[in-house]
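**Student:** Sharing a structure here in C-alpha cells format.
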Amino acid sequence: QVQLVESGGGLVQAGGSLRLSCAASGRTFSSYAMGWFRQAPGKEREFVAFISWNAYNTYYTDSVRGRFTIFRDNAKNTVYLQMNSLKPEDTAVYYCAARFYTEARVVLTTTREYHYWGQGTHVTVSS
C-alpha cells in the first residue's frame with residue numbers, strides 16, 4: 001500500500017511558477033512509477049507527466065512540455081512537478097499517482113494504469 005499526499009498548490013499569476021510535491025508512504029517508493037494528472041472543472045482527469053521508477057524516463061503531455069518538469073527524490077519518497085510559465089488553462093486540481101512498476105521504458109499515461117492516488121492540490125492561474 002502507498003499513500004500519497006500532494007502539496008504546493010495555490011494561486012499564481014500567469015507567467016509565474018509553482019512547485020508541487022507528492023510525498024509517499026511506504027518503503028518501496030523507489031520501485032513505483034509516478035505520474036501527475038490534473039482535472040479542471042467540468043472536464044475529465046488528464047495526464048500531465050510521468051517519471052519511471054529510476055527517473056531514467058520522463059514524458060509530458062504536449063501542452064506542458066517545455067514548461068513543466070517532473071523529478072523525484074527516492075531518498076525522500078517524494079515526486080515533484082515544477083511548473084513554469086503558467087497559463088490560465090493550467091488551472092485545475094493536480095493529482096499524483098503511483099504504480100509498482102519497474103519497466104522504465106514503458107510510459108504510463110492513463111488513469112487506469114495507476115493504482116494509488118493522492119487527494120489533489122488546487123492550482124489557480126489568474127490572467
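Here, A, B, ... name the chains of the C-alpha cells in the order displayed, residue numbers run from 1 inside each chain, and ligands are numbered from 1 in the same displayed order.
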Just want the 8 Å neighbourhood of segment 16-25 of chain A, counted on only C-alpha atoms, with same-chain residues fewer than 6 positions away dropped. Output as a ChimeraX atom specification.
**Tutor:** /A:2-10,76-86,96,118
**Student:** What's the 9 Å shell around segment 39-51 of chain A, counting only C-alpha atoms, without same-chain residues fewer than 3 positions away, as a ChimeraX atom specification?
**Tutor:** /A:33-36,54-65,68-72,79,81,89-95,104,107-111
**Student:** Selection from above, C-alpha atoms, as an mmCIF file, in the first residue's frame, can you write it?
**Tutor:**
data_model
loop_
_atom_site.group_PDB
_atom_site.id
_atom_site.type_symbol
_atom_site.label_atom_id
_atom_site.label_comp_id
_atom_site.auth_asym_id
_atom_site.auth_seq_id
_atom_site.Cartn_x
_atom_site.Cartn_y
_atom_site.Cartn_z
ATOM 1 C CA ALA A 33 6.369 4.694 -11.453
ATOM 2 C CA MET A 34 4.799 8.067 -10.723
ATOM 3 C CA GLY A 35 2.516 10.336 -12.647
ATOM 4 C CA TRP A 36 0.876 13.719 -12.352
ATOM 5 C CA ASN A 54 14.559 5.084 -11.667
ATOM 6 C CA ALA A 55 13.948 8.542 -13.204
ATOM 7 C CA TYR A 56 15.567 7.404 -16.466
ATOM 8 C CA ASN A 57 12.365 8.054 -18.398
ATOM 9 C CA THR A 58 10.092 11.079 -18.281
ATOM 10 C CA TYR A 59 7.218 12.035 -20.503
ATOM 11 C CA TYR A 60 4.872 15.009 -20.776
ATOM 12 C CA THR A 61 1.636 15.872 -22.425
ATOM 13 C CA ASP A 62 2.165 18.273 -25.308
ATOM 14 C CA SER A 63 0.548 21.256 -23.625
ATOM 15 C CA VAL A 64 3.084 21.329 -20.776
ATOM 16 C CA ARG A 65 6.241 20.051 -22.450
ATOM 17 C CA PHE A 68 6.800 21.601 -16.605
ATOM 18 C CA THR A 69 9.437 19.269 -15.189
ATOM 19 C CA ILE A 70 8.798 16.101 -13.229
ATOM 20 C CA PHE A 71 11.524 14.757 -10.974
ATOM 21 C CA ARG A 72 11.825 12.576 -7.919
ATOM 22 C CA VAL A 79 8.000 13.283 -6.549
ATOM 23 C CA LEU A 81 6.254 18.834 -10.545
ATOM 24 C CA GLU A 89 -5.564 26.975 -18.812
ATOM 25 C CA ASP A 90 -3.302 25.173 -16.324
ATOM 26 C CA THR A 91 -5.882 25.873 -13.622
ATOM 27 C CA ALA A 92 -7.006 22.527 -12.184
ATOM 28 C CA VAL A 93 -6.777 20.150 -9.290
ATOM 29 C CA TYR A 94 -3.484 18.310 -9.635
ATOM 30 C CA TYR A 95 -3.181 14.691 -8.531
ATOM 31 C CA ALA A 104 11.318 2.089 -17.135
ATOM 32 C CA VAL A 107 5.265 5.206 -20.170
ATOM 33 C CA LEU A 108 2.031 5.149 -18.167
ATOM 34 C CA THR A 109 -0.355 7.885 -19.273
ATOM 35 C CA THR A 110 -3.876 6.735 -18.414
ATOM 36 C CA THR A 111 -5.715 6.811 -15.113
#
**Student:** Taking the chain letters and numbering used in this document, name the residues of chain A that DSSP puts in helix (DSSP H, G or I), as a compact mmCIF listing (two decimals) with C-alpha atoms, in the first residue's frame.
**Tutor:**
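Below is the file that was written, result-v1.txt:
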# COMPACT_ATOMS: atom_id res chain seq x y z
CA PHE A 29 8.69 4.06 -3.27
CA SER A 30 11.77 3.66 -5.44
CA SER A 31 10.02 0.80 -7.28
CA ASN A 74 13.69 8.48 -3.82
CA ALA A 75 15.58 9.13 -0.61
CA LYS A 76 12.76 11.46 0.44
CA PRO A 88 -4.77 30.24 -17.03
CA GLU A 89 -5.56 26.98 -18.81
CA ASP A 90 -3.30 25.17 -16.32
CA THR A 111 -5.72 6.81 -15.11
CA ARG A 112 -6.44 3.08 -15.38
CA GLU A 113 -2.74 2.27 -15.28
**Student:** Taking the chain letters and numbering used in this document, name the residues of chain A that DSSP puts in strand (DSSP E), as a PyMOL selection string.
**Tutor:** chain A and resi 4-7+10-13+18-24+32-39+46-51+58-60+68-73+78-83+92-100+116-117+121-126
**Student:** List as a short mmCIF file (atom, residue, chain, number, x, y, z; two decimals) with C-alpha atoms, in the first residue's frame the protein and nucleic acid residues near Gln13 of chain A, meaning an atom at most 8 Å away when only C-alpha atoms are counted, but skip any in the same chain fewer than 5 places from it.
**Tutor:**
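Generated file (out-v2.cif):
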data_model
loop_
_atom_site.label_atom_id
_atom_site.label_comp_id
_atom_site.auth_asym_id
_atom_site.auth_seq_id
_atom_site.Cartn_x
_atom_site.Cartn_y
_atom_site.Cartn_z
CA LEU A 86 1.94 29.02 -16.03
CA VAL A 125 -3.59 30.68 -12.53
CA SER A 126 -5.01 34.17 -12.92
CA SER A 127 -4.75 36.14 -16.14
#
